[in-house]
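Visitor: Contents of upload_4.cif (mmCIF, C-alpha atoms and all ligand atoms) are below:
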data_upload
loop_
_atom_site.label_atom_id
_atom_site.label_comp_id
_atom_site.auth_asym_id
_atom_site.auth_seq_id
_atom_site.Cartn_x
_atom_site.Cartn_y
_atom_site.Cartn_z
CA MET A 1 0.00 0.00 0.00
CA THR A 2 1.26 3.42 -0.93
CA LEU A 3 0.03 6.30 1.21
CA LEU A 4 -0.58 9.71 -0.39
CA LEU A 5 0.00 12.85 1.72
CA ARG A 6 -0.90 16.30 0.40
CA ILE A 7 1.28 19.13 1.69
CA LYS A 8 1.13 22.78 0.62
CA LYS A 9 4.52 24.39 0.03
CA THR A 10 3.22 27.57 1.60
CA ALA A 11 1.71 25.98 4.71
CA ILE A 12 3.75 22.96 5.71
CA GLU A 13 2.09 20.90 8.44
CA PRO A 14 4.83 19.61 10.78
CA GLU A 15 2.83 16.51 11.73
CA LYS A 16 2.68 15.39 8.10
CA ILE A 17 6.42 15.94 7.70
CA ALA A 18 6.97 13.96 10.92
CA GLN A 19 4.84 11.13 9.53
CA ALA A 20 6.92 11.00 6.33
CA ALA A 21 10.18 11.27 8.28
CA ALA A 22 9.14 8.31 10.45
CA VAL A 23 8.78 6.21 7.28
CA ILE A 24 12.33 7.18 6.23
CA LYS A 25 13.73 6.41 9.70
CA ARG A 26 12.35 2.90 9.64
CA GLY A 27 13.92 2.25 6.25
CA GLY A 28 10.94 3.06 4.01
CA LEU A 29 10.78 4.83 0.65
CA VAL A 30 9.13 8.25 0.36
CA ALA A 31 8.61 10.17 -2.90
CA PHE A 32 8.81 13.93 -2.38
CA PRO A 33 8.83 17.09 -4.50
CA THR A 34 12.00 19.06 -5.21
CA GLU A 35 12.32 22.16 -7.39
CA THR A 36 13.48 20.01 -10.33
CA VAL A 37 11.51 16.74 -10.36
CA TYR A 38 10.04 14.38 -7.73
CA GLY A 39 12.66 12.30 -5.92
CA LEU A 40 12.36 8.83 -4.41
CA GLY A 41 13.94 9.24 -0.98
CA ALA A 42 15.55 6.80 1.45
CA ASP A 43 17.98 7.08 4.38
CA ALA A 44 21.42 7.32 2.76
CA PHE A 45 22.93 5.43 5.71
CA ASN A 46 20.56 2.45 5.50
CA PRO A 47 22.02 0.03 2.91
CA GLU A 48 18.84 -2.09 2.75
CA ALA A 49 16.70 0.96 1.98
CA VAL A 50 19.19 2.13 -0.63
CA LYS A 51 19.14 -1.31 -2.31
CA ARG A 52 15.35 -1.23 -2.37
CA ILE A 53 15.47 1.99 -4.40
CA TYR A 54 17.39 0.24 -7.18
CA ALA A 55 14.96 -2.69 -7.03
CA VAL A 56 11.70 -0.75 -7.25
CA LYS A 57 12.94 1.54 -10.03
CA GLY A 58 14.48 -1.31 -12.00
CA ARG A 59 17.63 0.82 -11.94
CA PRO A 60 20.94 -0.65 -13.11
CA VAL A 61 23.12 -1.20 -10.03
CA ASP A 62 26.05 0.64 -11.62
CA ASN A 63 24.12 3.94 -11.75
CA PRO A 64 24.88 5.90 -8.54
CA LEU A 65 22.43 8.05 -6.56
CA ILE A 66 22.43 11.69 -5.45
CA VAL A 67 22.59 12.39 -1.70
CA HIS A 68 20.29 15.25 -0.65
CA ILE A 69 21.17 17.44 2.32
CA ALA A 70 19.40 20.38 4.00
CA ASP A 71 22.36 22.02 5.77
CA LEU A 72 25.72 22.86 4.32
CA ALA A 73 27.59 21.66 7.42
CA LYS A 74 26.46 18.09 6.63
CA ILE A 75 28.71 17.97 3.59
CA ASN A 76 31.82 17.46 5.72
CA SER A 77 30.48 14.16 6.98
CA LEU A 78 29.99 12.90 3.41
CA VAL A 79 33.08 14.04 1.47
CA ARG A 80 36.78 13.83 2.19
CA LEU A 81 37.52 17.33 0.96
CA LEU A 82 35.51 20.23 -0.41
CA PRO A 83 37.60 21.93 -3.10
CA PRO A 84 37.40 25.74 -2.72
CA GLU A 85 35.67 26.17 -6.09
CA ALA A 86 33.05 23.60 -5.12
CA GLY A 87 32.54 25.55 -1.90
CA VAL A 88 31.95 28.70 -3.95
CA LEU A 89 29.26 26.92 -5.98
CA CYS A 90 27.52 25.64 -2.82
CA ALA A 91 27.45 29.14 -1.34
CA ARG A 92 26.21 30.64 -4.60
CA PHE A 93 23.66 28.08 -5.84
CA TRP A 94 22.41 26.04 -2.86
CA PRO A 95 19.67 25.38 -2.20
CA GLY A 96 19.18 24.93 -5.93
CA PRO A 97 19.35 22.65 -8.99
CA LEU A 98 23.06 21.88 -8.79
CA THR A 99 24.68 18.53 -7.90
CA LEU A 100 28.38 18.24 -7.10
CA VAL A 101 30.39 15.05 -7.55
CA LEU A 102 33.12 14.85 -4.88
CA ASP A 103 35.40 12.26 -3.26
CA ARG A 104 33.34 10.33 -0.71
CA ARG A 105 34.00 9.28 2.82
CA GLU A 106 34.30 5.56 3.56
CA HIS A 107 31.40 5.27 6.00
CA LEU A 108 28.73 5.93 3.36
CA PRO A 109 27.24 2.62 2.20
CA PRO A 110 28.86 1.67 -1.15
CA GLU A 111 25.42 1.18 -2.75
CA VAL A 112 24.85 4.95 -2.59
CA SER A 113 27.45 5.59 -5.25
CA ALA A 114 27.37 2.19 -6.97
CA GLY A 115 30.81 1.27 -5.67
CA LEU A 116 32.53 4.43 -6.98
CA SER A 117 34.96 6.39 -4.79
CA THR A 118 32.91 9.53 -5.40
CA VAL A 119 29.50 10.78 -4.27
CA ALA A 120 27.00 13.20 -5.82
CA ILE A 121 25.45 15.74 -3.41
CA ARG A 122 22.84 18.45 -3.68
CA MET A 123 20.62 20.69 -1.54
CA PRO A 124 17.17 20.95 -3.13
CA ASP A 125 15.32 24.28 -3.21
CA ASN A 126 11.91 23.12 -2.02
CA PRO A 127 10.64 23.74 1.52
CA ILE A 128 8.94 20.33 1.72
CA ALA A 129 12.11 18.53 0.70
CA LEU A 130 14.23 20.52 3.16
CA ALA A 131 11.76 19.96 6.01
CA LEU A 132 11.66 16.22 5.29
CA ILE A 133 15.47 15.88 5.27
CA ARG A 134 15.75 17.82 8.54
CA ALA A 135 12.98 15.85 10.25
CA ALA A 136 14.47 12.54 9.10
CA GLY A 137 17.78 13.63 10.66
CA THR A 138 19.75 11.93 7.89
CA PRO A 139 20.76 12.75 4.32
CA LEU A 140 18.41 11.21 1.75
CA VAL A 141 19.46 9.42 -1.40
CA ALA A 142 16.91 10.35 -4.04
CA PRO A 143 16.89 9.43 -7.70
CA SER A 144 14.03 10.77 -9.80
CA ALA A 145 10.86 8.95 -8.68
CA ASN A 146 10.12 7.19 -11.98
CA LEU A 147 10.62 3.67 -13.26
CA SER A 148 14.06 3.48 -14.86
CA SER A 149 14.09 4.94 -18.42
CA ARG A 150 10.69 6.67 -18.06
CA PRO A 151 10.42 10.48 -18.00
CA SER A 152 11.10 12.00 -14.59
CA PRO A 153 7.93 12.88 -12.64
CA THR A 154 6.96 16.52 -12.34
CA GLN A 155 3.70 15.79 -10.50
CA ALA A 156 2.65 13.34 -7.80
CA ARG A 157 0.32 11.60 -10.25
CA HIS A 158 3.33 10.68 -12.42
CA VAL A 159 4.93 9.03 -9.40
CA MET A 160 1.72 7.11 -8.76
CA GLU A 161 1.61 5.99 -12.39
CA ASP A 162 5.05 4.38 -12.03
CA LEU A 163 5.45 3.43 -8.38
CA ALA A 164 2.04 3.04 -6.65
CA GLY A 165 2.09 -0.19 -4.64
CA LEU A 166 5.90 -0.35 -4.75
CA ILE A 167 6.81 2.42 -2.28
CA ASP A 168 5.55 3.46 1.16
CA LEU A 169 4.50 7.07 0.75
CA ILE A 170 4.12 9.84 -1.83
CA ILE A 171 4.08 13.49 -0.76
CA ASP A 172 2.00 15.50 -3.21
CA GLY A 173 3.46 19.00 -3.16
CA GLY A 174 2.10 20.16 -6.52
CA LYS A 175 3.91 20.62 -9.81
CA THR A 176 7.69 21.04 -9.66
CA ALA A 177 8.98 24.50 -10.55
CA ILE A 178 11.74 23.62 -13.04
CA GLY A 179 10.62 20.28 -14.48
CA MET A 180 14.02 18.84 -15.43
CA GLU A 181 16.82 17.35 -13.32
CA SER A 182 19.69 19.24 -11.69
CA THR A 183 22.99 20.17 -13.31
CA VAL A 184 25.67 17.62 -12.33
CA VAL A 185 29.25 18.94 -12.02
CA ASP A 186 32.23 16.63 -11.45
CA PHE A 187 35.07 17.91 -9.25
CA THR A 188 36.98 14.65 -8.99
CA SER A 189 39.03 14.51 -12.19
CA GLY A 190 40.89 17.65 -13.18
CA PRO A 191 39.06 20.90 -13.91
CA PRO A 192 35.36 20.83 -13.05
CA ARG A 193 33.19 19.39 -15.81
CA ILE A 194 29.45 19.31 -16.43
CA LEU A 195 28.21 15.72 -16.62
CA ARG A 196 24.53 16.58 -17.02
CA PRO A 197 23.23 20.01 -18.10
CA GLY A 198 20.49 21.54 -15.93
CA ALA A 199 18.93 24.84 -14.94
CA ILE A 200 22.22 26.12 -13.47
CA THR A 201 23.99 26.71 -16.76
CA ALA A 202 27.65 26.51 -17.79
CA GLN A 203 27.63 30.32 -18.00
CA ASP A 204 26.26 30.58 -14.43
CA ILE A 205 29.03 28.31 -13.17
CA GLU A 206 31.81 29.94 -15.17
CA ALA A 207 30.72 33.35 -13.90
CA ALA A 208 31.25 32.03 -10.37
CA ILE A 209 34.46 29.97 -10.67
CA GLY A 210 35.97 30.47 -14.12
CA PRO A 211 36.39 28.05 -17.03
CA LEU A 212 34.97 24.53 -16.97
CA ALA A 213 36.54 21.58 -18.76
CA LEU A 214 34.98 21.22 -22.20
CA GLY A 215 32.74 18.43 -23.37
CA GLY A 216 31.13 15.49 -21.62
CA GLY A 217 34.12 13.27 -22.46
CA LYS A 218 32.86 10.31 -24.44
CA SER A 219 35.17 7.87 -22.73
CA VAL A 220 34.59 4.12 -22.98
CA ARG A 221 33.58 4.08 -19.35
CA PRO A 222 31.15 6.97 -18.94
CA LYS A 223 32.11 9.27 -16.10
CA SER A 224 28.49 9.66 -15.05
CA PRO A 225 27.28 6.10 -15.32
CA GLY A 226 23.66 7.19 -15.71
CA MET A 227 24.45 8.98 -18.95
CA LYS A 228 24.85 5.80 -20.96
CA TYR A 229 21.29 4.59 -20.49
CA ARG A 230 18.29 5.59 -22.56
CA HIS A 231 16.45 8.06 -20.41
CA TYR A 232 13.46 10.29 -20.01
CA ALA A 233 11.79 8.48 -22.86
CA PRO A 234 8.15 8.06 -23.79
CA ARG A 235 7.12 4.44 -24.40
CA THR A 236 5.84 5.46 -27.81
CA ARG A 237 8.35 5.55 -30.68
CA PHE A 238 9.93 9.00 -30.59
CA ILE A 239 11.75 10.83 -33.38
CA LEU A 240 13.59 14.11 -32.83
CA VAL A 241 13.93 15.92 -36.16
CA GLU A 242 17.02 18.08 -36.59
CA GLY A 243 18.19 20.49 -39.27
CA GLU A 244 16.80 23.51 -41.07
CA ASN A 245 14.31 21.64 -43.24
CA PHE A 246 12.55 20.23 -40.22
CA ARG A 247 9.02 21.21 -41.32
CA HIS A 248 9.43 19.46 -44.65
CA ASP A 249 10.99 16.42 -42.97
CA ILE A 250 8.21 16.20 -40.40
CA ARG A 251 5.50 16.40 -43.09
CA GLN A 252 7.26 13.62 -44.94
CA LEU A 253 7.37 11.42 -41.85
CA ILE A 254 3.63 11.97 -41.37
CA ALA A 255 2.91 11.20 -45.04
CA GLN A 256 4.98 8.01 -44.90
CA ALA A 257 3.21 6.65 -41.84
CA ALA A 258 0.57 4.00 -42.39
CA LYS A 259 -3.02 5.23 -42.65
CA GLY A 260 -4.84 5.43 -39.31
CA LYS A 261 -1.66 5.70 -37.26
CA LYS A 262 -1.91 8.20 -34.41
CA ILE A 263 0.92 10.71 -34.69
CA ALA A 264 1.72 13.61 -32.37
CA VAL A 265 4.09 16.46 -33.22
CA ILE A 266 5.65 18.45 -30.37
CA THR A 267 6.35 22.03 -31.47
CA PHE A 268 8.32 24.87 -29.89
CA ARG A 269 7.15 27.60 -32.25
CA GLN A 270 3.74 29.24 -32.14
CA GLU A 271 3.59 29.42 -35.94
CA SER A 272 4.23 25.72 -36.58
CA SER A 273 1.30 23.80 -38.01
CA TYR A 274 1.01 20.25 -39.33
CA GLU A 275 -1.86 18.20 -40.69
CA ASP A 276 -3.07 14.63 -40.08
CA CYS A 277 -1.60 14.62 -36.59
CA LEU A 278 -2.07 15.97 -33.09
CA VAL A 279 -0.04 19.16 -32.69
CA VAL A 280 1.16 19.81 -29.13
CA HIS A 281 2.71 23.22 -28.59
CA ALA A 282 5.14 22.72 -25.69
CA GLY A 283 5.60 26.45 -25.19
CA SER A 284 7.73 29.21 -26.60
CA SER A 285 9.87 30.02 -23.59
CA SER A 286 12.50 27.61 -22.33
CA ARG A 287 11.09 27.79 -18.77
CA THR A 288 7.71 26.59 -19.99
CA VAL A 289 9.15 23.87 -22.19
CA ALA A 290 11.33 22.58 -19.34
CA ARG A 291 8.34 22.50 -17.03
CA ARG A 292 6.08 20.70 -19.50
CA LEU A 293 8.11 18.34 -21.69
CA PHE A 294 8.12 15.24 -19.46
CA GLU A 295 4.42 15.71 -18.72
CA ILE A 296 3.72 15.87 -22.45
CA PHE A 297 5.66 12.62 -23.04
CA ARG A 298 3.58 10.86 -20.38
CA ASP A 299 0.28 12.28 -21.59
CA LEU A 300 0.97 11.23 -25.19
CA ASP A 301 1.86 7.71 -24.01
CA ASN A 302 -1.45 7.58 -22.16
CA ARG A 303 -3.35 8.69 -25.27
CA GLY A 304 -2.08 5.67 -27.16
CA MET A 305 -0.06 7.43 -29.86
CA ASP A 306 1.81 5.30 -32.42
CA LEU A 307 4.52 7.87 -33.08
CA ILE A 308 5.74 11.09 -31.44
CA ILE A 309 7.80 13.54 -33.47
CA ALA A 310 9.50 16.64 -32.05
CA GLU A 311 10.72 19.74 -33.85
CA PRO A 312 14.34 20.75 -33.21
CA TYR A 313 14.60 22.94 -30.12
CA PRO A 314 15.41 26.53 -31.13
CA ALA A 315 18.37 28.30 -29.51
CA THR A 316 16.83 30.66 -26.99
CA ASP A 317 18.89 31.02 -23.82
CA GLY A 318 21.02 29.12 -21.32
CA LEU A 319 18.40 26.42 -20.78
CA ASP A 320 18.84 25.19 -24.39
CA MET A 321 21.53 22.74 -23.41
CA MET A 322 19.34 21.06 -20.81
CA ILE A 323 16.31 20.78 -23.08
CA TRP A 324 18.34 19.50 -26.05
CA ASP A 325 20.03 16.95 -23.81
CA ARG A 326 16.69 15.54 -22.63
CA LEU A 327 15.21 15.50 -26.14
CA LYS A 328 18.25 13.66 -27.49
CA LYS A 329 18.27 11.17 -24.64
CA ALA A 330 14.59 10.44 -25.23
CA ALA A 331 15.25 9.91 -28.93
CA GLY A 332 18.23 7.67 -28.17
CA THR A 333 20.56 10.02 -30.06
CA GLY A 334 22.26 11.52 -26.99
CA ASN A 335 25.72 10.45 -25.82
O1 LIG A 401 17.27 17.08 -9.95
C1 LIG A 401 17.76 16.00 -9.63
O2 LIG A 401 18.99 15.80 -9.60
C2 LIG A 401 16.79 14.88 -9.20
C3 LIG A 401 16.09 15.29 -7.90
C4 LIG A 401 15.20 14.21 -7.36
O3 LIG A 401 17.05 15.70 -6.98
N1 LIG A 401 17.48 13.64 -9.05
C5 LIG A 401 17.96 12.93 -10.11
O4 LIG A 401 18.56 11.72 -9.76
O5 LIG A 401 17.86 13.30 -11.26
P1 LIG A 401 18.86 10.56 -10.80
O6 LIG A 401 19.29 9.43 -9.98
O7 LIG A 401 17.69 10.36 -11.66
O8 LIG A 401 20.09 11.09 -11.62
C6 LIG A 401 21.36 11.18 -10.99
C7 LIG A 401 22.45 11.41 -12.01
C8 LIG A 401 22.70 10.17 -12.86
O9 LIG A 401 23.01 10.58 -14.18
C9 LIG A 401 23.91 9.56 -12.16
O10 LIG A 401 24.68 8.73 -13.01
C10 LIG A 401 24.67 10.79 -11.73
O11 LIG A 401 23.67 11.70 -11.33
N2 LIG A 401 25.56 10.49 -10.59
C11 LIG A 401 25.21 10.17 -9.33
N3 LIG A 401 26.29 9.91 -8.57
C12 LIG A 401 27.38 10.08 -9.35
C13 LIG A 401 28.79 9.97 -9.17
N4 LIG A 401 29.30 9.60 -7.99
N5 LIG A 401 29.60 10.22 -10.22
C14 LIG A 401 29.08 10.59 -11.41
N6 LIG A 401 27.76 10.73 -11.67
C15 LIG A 401 26.92 10.47 -10.66
MG MG A 402 16.52 9.77 -13.18
#
Can the structure in the file be given as structure tokens, please?
Guide:
Amino acid sequence: MTLLLRIKKTAIEPEKIAQAAAVIKRGGLVAFPTETVYGLGADAFNPEAVKRIYAVKGRPVDNPLIVHIADLAKINSLVRLLPPEAGVLCARFWPGPLTLVLDRREHLPPEVSAGLSTVAIRMPDNPIALALIRAAGTPLVAPSANLSSRPSPTQARHVMEDLAGLIDLIIDGGKTAIGMESTVVDFTSGPPRILRPGAITAQDIEAAIGPLALGGGKSVRPKSPGMKYRHYAPRTRFILVEGENFRHDIRQLIAQAAKGKKIAVITFRQESSYEDCLVVHAGSSSRTVARRLFEIFRDLDNRGMDLIIAEPYPATDGLDMMIWDRLKKAAGTGN
């Protein structure tokens, strides 16, 4: 049985937080809202609870988790050393959508970081998340609260769709503000490097600490193990069209499809129009698109589409990188 608790961000009831924290303390799994996406939380120092997270998500055991903290002082108990530049980023962007990969301390259960010598840490910018972590009195590991490879949940109902019956409790704290996962920055191998683009952009980080290492580094062994798996994907076949002739190419894809097939086209431009398909305008600002894209993927799956096509994402601002990354991952054309 999965319990559902509704909590308003603006009027947090301490007894509900205490109820959720009690579930964490006894080794249970609690889905909770953050500013990016919903997380599936467990006590980072309870190896059995951490293992259960991998099991219920169907997550590959070589894909490490992010540890969520509510107070900066906690970081010293998790990492061996906080490089000065990493400290600058914490001071500047926490709480916020930024995850730092650092060298871990030995006493953290190895399952947390899938046997690596490093650990990913972030402080989420959501009052419910922060209250839960504080009340639990322990850092929480929390991957996105979806089944592995599905789009991350931006609403409690998405969590229910994937995990009802498999976890102990879901806190419904409304829609998440950003809608896509945090920026992950690695500090453990040379100059800091972005492993996953998010709402804290490369420009934001460079303005704070100077140049980042370039490129994600397509090494044989991916630095961020999660990056090698297909991610964020609708179940429906999904094609991301690229290039300048995208309208022509999309019309051709529609024309080539068998009669009676249900096709949806996701657009990012008000003026785009297509026939013989369902046109879904995801929004014209990057904030809106980020907030809505995963929800659109899920809704189109639920409507029984045969094919989803997306226009190329236009260059707009610093959030481009994040949105392109998620579109490419969903299409299976990312790195
Ligand atoms: O916004 C977010 O980060 C959300 C919310 C819930 O906080 N969480 C999230 O977690 O997206 P997850 O597990 O879905 O993605 C974590 C990413 C994966 O790509 C994983 O491989 C990477 O972080 N990661 C975790 N620990 C790492 C480590 N020690 N070294 C390199 N990459 C790591
Ligand atoms: Mg995830």
Visitor: Could you list, as a count of residues only, all protein and nucleic acid residues with an atom at most 10 Å from ligand MG 402 (chain A), counting all atoms listed in the file?
Guide: 27
Visitor: By how many Å are CA of Thr201 (chain A) and CA of Ala129 (chain A) apart?
Guide: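 Taking CA of Thr201 (chain A) and CA of Ala129 (chain A), their separation equals 22.6 Å.
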Visitor: Pick out the residues sitting within 12 Å of Glu106 (chain A), and hand them over as a ChimeraX atom specification; count all atoms listed in the file, and ignore anything fewer than 2 positions along from it in its own chain.
Guide: /A:45,77-80,103-104,108-113,115-119
Visitor: Quick one: distance from CA of Ile178 (chain A) to CA of Asp62 (chain A) in Å, one decimal?
Guide: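 We find that CA of Ile178 (chain A) and CA of Asp62 (chain A) lie 27.1 Å from each other.
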Visitor: When distances are computed from all atoms listed in the file, which of A:Val30, A:Leu195, A:Ala18, A:Ala114 shows the smallest separation from Arg134 (chain A)?
Guide: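 Result for the nearest residue to Arg134 (chain A): A:Ala18.
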Visitor: Any chance you could build region 71-93 of chain A out to N, CA, C and O atoms and write it as a tab-separated table (two decimals), keeping the file's coordinate frame?
Guide:
chain	number	residue	atom	x	y	z
A	71	ASP	N	21.46	21.06	5.12
A	71	ASP	CA	22.36	22.02	5.77
A	71	ASP	C	23.77	21.81	5.26
A	71	ASP	O	24.26	20.68	5.20
A	72	LEU	N	24.40	22.93	4.93
A	72	LEU	CA	25.72	22.86	4.32
A	72	LEU	C	26.73	22.12	5.19
A	72	LEU	O	27.59	21.39	4.70
A	73	ALA	N	26.62	22.27	6.51
A	73	ALA	CA	27.59	21.66	7.42
A	73	ALA	C	27.65	20.14	7.24
A	73	ALA	O	28.68	19.51	7.49
A	74	LYS	N	26.54	19.54	6.81
A	74	LYS	CA	26.46	18.09	6.63
A	74	LYS	C	27.46	17.56	5.59
A	74	LYS	O	27.88	16.40	5.63
A	75	ILE	N	27.88	18.44	4.71
A	75	ILE	CA	28.71	17.97	3.59
A	75	ILE	C	30.04	17.40	4.10
A	75	ILE	O	30.57	16.44	3.54
A	76	ASN	N	30.54	17.94	5.19
A	76	ASN	CA	31.82	17.46	5.72
A	76	ASN	C	31.77	16.01	6.19
A	76	ASN	O	32.79	15.33	6.23
A	77	SER	N	30.58	15.55	6.54
A	77	SER	CA	30.48	14.16	6.98
A	77	SER	C	30.34	13.21	5.79
A	77	SER	O	30.35	12.00	5.96
A	78	LEU	N	30.21	13.74	4.59
A	78	LEU	CA	29.99	12.90	3.41
A	78	LEU	C	31.20	12.86	2.47
A	78	LEU	O	31.44	11.87	1.80
A	79	VAL	N	31.95	13.98	2.42
A	79	VAL	CA	33.08	14.04	1.47
A	79	VAL	C	34.40	14.21	2.22
A	79	VAL	O	34.44	14.71	3.34
A	80	ARG	N	35.46	13.77	1.55
A	80	ARG	CA	36.78	13.83	2.19
A	80	ARG	C	37.30	15.25	2.19
A	80	ARG	O	38.01	15.68	3.10
A	81	LEU	N	36.98	15.98	1.10
A	81	LEU	CA	37.52	17.33	0.96
A	81	LEU	C	36.57	18.12	0.07
A	81	LEU	O	36.05	17.59	-0.91
A	82	LEU	N	36.32	19.36	0.44
A	82	LEU	CA	35.51	20.23	-0.41
A	82	LEU	C	36.44	21.21	-1.10
A	82	LEU	O	36.95	22.14	-0.48
A	83	PRO	N	36.70	21.00	-2.40
A	83	PRO	CA	37.60	21.93	-3.10
A	83	PRO	C	37.02	23.35	-3.02
A	83	PRO	O	35.80	23.51	-3.04
A	84	PRO	N	37.89	24.36	-2.89
A	84	PRO	CA	37.40	25.74	-2.72
A	84	PRO	C	36.38	26.15	-3.79
A	84	PRO	O	35.38	26.78	-3.47
A	85	GLU	N	36.62	25.77	-5.03
A	85	GLU	CA	35.67	26.17	-6.09
A	85	GLU	C	34.31	25.52	-5.88
A	85	GLU	O	33.27	26.12	-6.17
A	86	ALA	N	34.33	24.27	-5.40
A	86	ALA	CA	33.05	23.60	-5.12
A	86	ALA	C	32.33	24.33	-4.00
A	86	ALA	O	31.11	24.52	-4.04
A	87	GLY	N	33.11	24.78	-3.01
A	87	GLY	CA	32.54	25.55	-1.90
A	87	GLY	C	31.88	26.84	-2.39
A	87	GLY	O	30.82	27.23	-1.92
A	88	VAL	N	32.52	27.47	-3.38
A	88	VAL	CA	31.95	28.70	-3.95
A	88	VAL	C	30.60	28.39	-4.60
A	88	VAL	O	29.61	29.13	-4.42
A	89	LEU	N	30.52	27.28	-5.32
A	89	LEU	CA	29.26	26.92	-5.98
A	89	LEU	C	28.16	26.62	-4.96
A	89	LEU	O	27.01	27.01	-5.14
A	90	CYS	N	28.53	25.92	-3.88
A	90	CYS	CA	27.52	25.64	-2.82
A	90	CYS	C	26.96	26.94	-2.27
A	90	CYS	O	25.75	27.10	-2.12
A	91	ALA	N	27.87	27.87	-1.95
A	91	ALA	CA	27.45	29.14	-1.34
A	91	ALA	C	26.57	29.93	-2.31
A	91	ALA	O	25.60	30.56	-1.92
A	92	ARG	N	26.90	29.82	-3.60
A	92	ARG	CA	26.21	30.64	-4.60
A	92	ARG	C	24.87	30.03	-5.03
A	92	ARG	O	23.90	30.73	-5.24
A	93	PHE	N	24.82	28.70	-5.18
A	93	PHE	CA	23.66	28.08	-5.84
A	93	PHE	C	22.81	27.17	-4.96
A	93	PHE	O	21.78	26.68	-5.41
